[in-house]
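Chemist: Input: one structure, supplied below.
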Amino acid sequence: MEVQLQQLRYFLALEQTRHFTQAAERLGVSQPTLSKQIHTLEASLGAPLFDRIRGAVTLTEAGTTLLPIAQRMIADADAAREGVRDLIGLRRGEVRLGATPSLCSSLVPDVLRTFRAAHPDIQLFIDEGSSQDLIDNLAAHTLDLALIVQPARGVDEALEATPVLREGLVVASVWDAPPPSPNPQISLSELEHVPLVMFRSGYDIRDVTLEACRAAGFTPKFAVEGGEMDAVLAFVEAGLGVALVPSMVLVNRPRLRATPLASPGMQRTIALAHRKRSVLPHAAQALRTTLLAHVATQELPVGVRPL
């Protein structure tokens with residue numbers, strides 16, 4: 001027979017009270033039930049745990065040996081139960097969220113502020129990278145969730161990607177210089193002779209921009225090449241050139257002008273991805289709910305719509 005935690009709890013209660021009736025009352029069970037469980041525990045261990053002499057209850061040598069072990073096992077079991085309750089109740093835990101740089105500088109901060117206000121004890125870890133890097137990190141189990149640009153070919157079959165919003169790309173230029181086009185909207189062909197500030201290799205928007213320019217019949221001219229999102233926007237603010245960027249990143253950038261692309265424009269779909277066969281931790285599920293609610297209820301910038 002195996003030793004059960006409940007039997008150890010009975011053993012500890014009897015050790016503390018040294019009285020069967022008092023121990024039974026503390027446990028909320030009948031005295032015969034307590035006596036039976038103690039006998040069963042002793043049979044399992046192969047030795048008596050208590051001496052019962054003229055009403056006095058004392059520990060035997062076996063009972064003395066068991067005592068610290070039982071205390072440690074019960075403490076560990078209680079800690080495990082409390083730890084799980086904390087996780088379920090979101091009193092502690094962590095979430096590992098990945099996002100592309102453009103989303104880290106636009107959507108993600110507001111979502112995390114809302115989440116932090118509701119769950120201040122959850123630790124947040126953010127991984128900023130390209131969509132492919134984030135997909136790889138999801139597969140490697142180093143992320144719980146990732147906000148990615150959904151590829152046209154779809155995502156890996158091992159992942160579930162929920163489309164969150166559709167965002168248009170705009171031409172960013174500095175306010176104190178003439179606009180890149182005299183028209184309210186600009187066609188890609190008008191950018192043929194305009195110096196572009198271009199993202200580094202492997203950046204999602206770089207590939208999309210180069211492909212669109214080739215489809216429009218020209219190879220773009222680069223003013224500066226190789227930056228991340230913040231660097232690209234800073235270079236545009238410095239007047240070095242214009243850049244094709246997601247419309248959301250120009251919020252709170254008063255020095256930059258956004259010129260929409262003429263129809264059909266350039267759109268990208270942002271999706272929230274996680275592993276299909278893994279149960280999301282409670283904290284990650286709560287963050288997912290917060291993000292989806294934010295997109296559905298908050299006012300989004302021009303050119304961005306929820307899905």
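By convention here, the chains of the structure tokens are called A, B, ... in the order presented, each chain's residues are numbered starting at 1, and ligands are numbered starting at 1 in the order presented.
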Fewer than 2 positions away in the same chain doesn't count, so skip those; otherwise give me all residues within 10 Å of Ala243 of chain A, counting only C-alpha atoms, as a VMD selection string.

Modeler: chain A and resid 169 to 173 191 194 to 199 206 209 222 to 223 232 to 233 235 to 236 240 to 241 245 to 246 258

Chemist: Excluding Ser187 of chain A and residues on its chain fewer than 5 positions from it, collect all residues at most 10 Å away from it, counting only C-alpha atoms, and give them as number ranges by chain.

Modeler: A: 171, 181, 192, 216, 259-265

Chemist: Find the distance between atom CA of Leu244 of chain A and atom CA of Val111 of chain A and write it in Å to one decimal.

Modeler: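 Interatomic distance here is 24.7 Å.
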
Chemist: Taking only C-alpha atoms into account, name the residue in A:Tyr203, A:Leu287, A:Gly217, A:Ala238 that is nearest to Ser189 of chain A.

Modeler: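 Selected residue with least distance to Ser189 of chain A: A:Gly217.
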
Chemist: Hey, what's within 10 Å of Gln285 of chain A if we count only C-alpha atoms and toss same-chain stuff fewer than 5 positions away? As a list in words, please?

Modeler: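 Using only C-alpha atoms, the neighbours found are Val95, Asp144, Leu145, Val279, Leu280, Thr290 and Leu291 of chain A.
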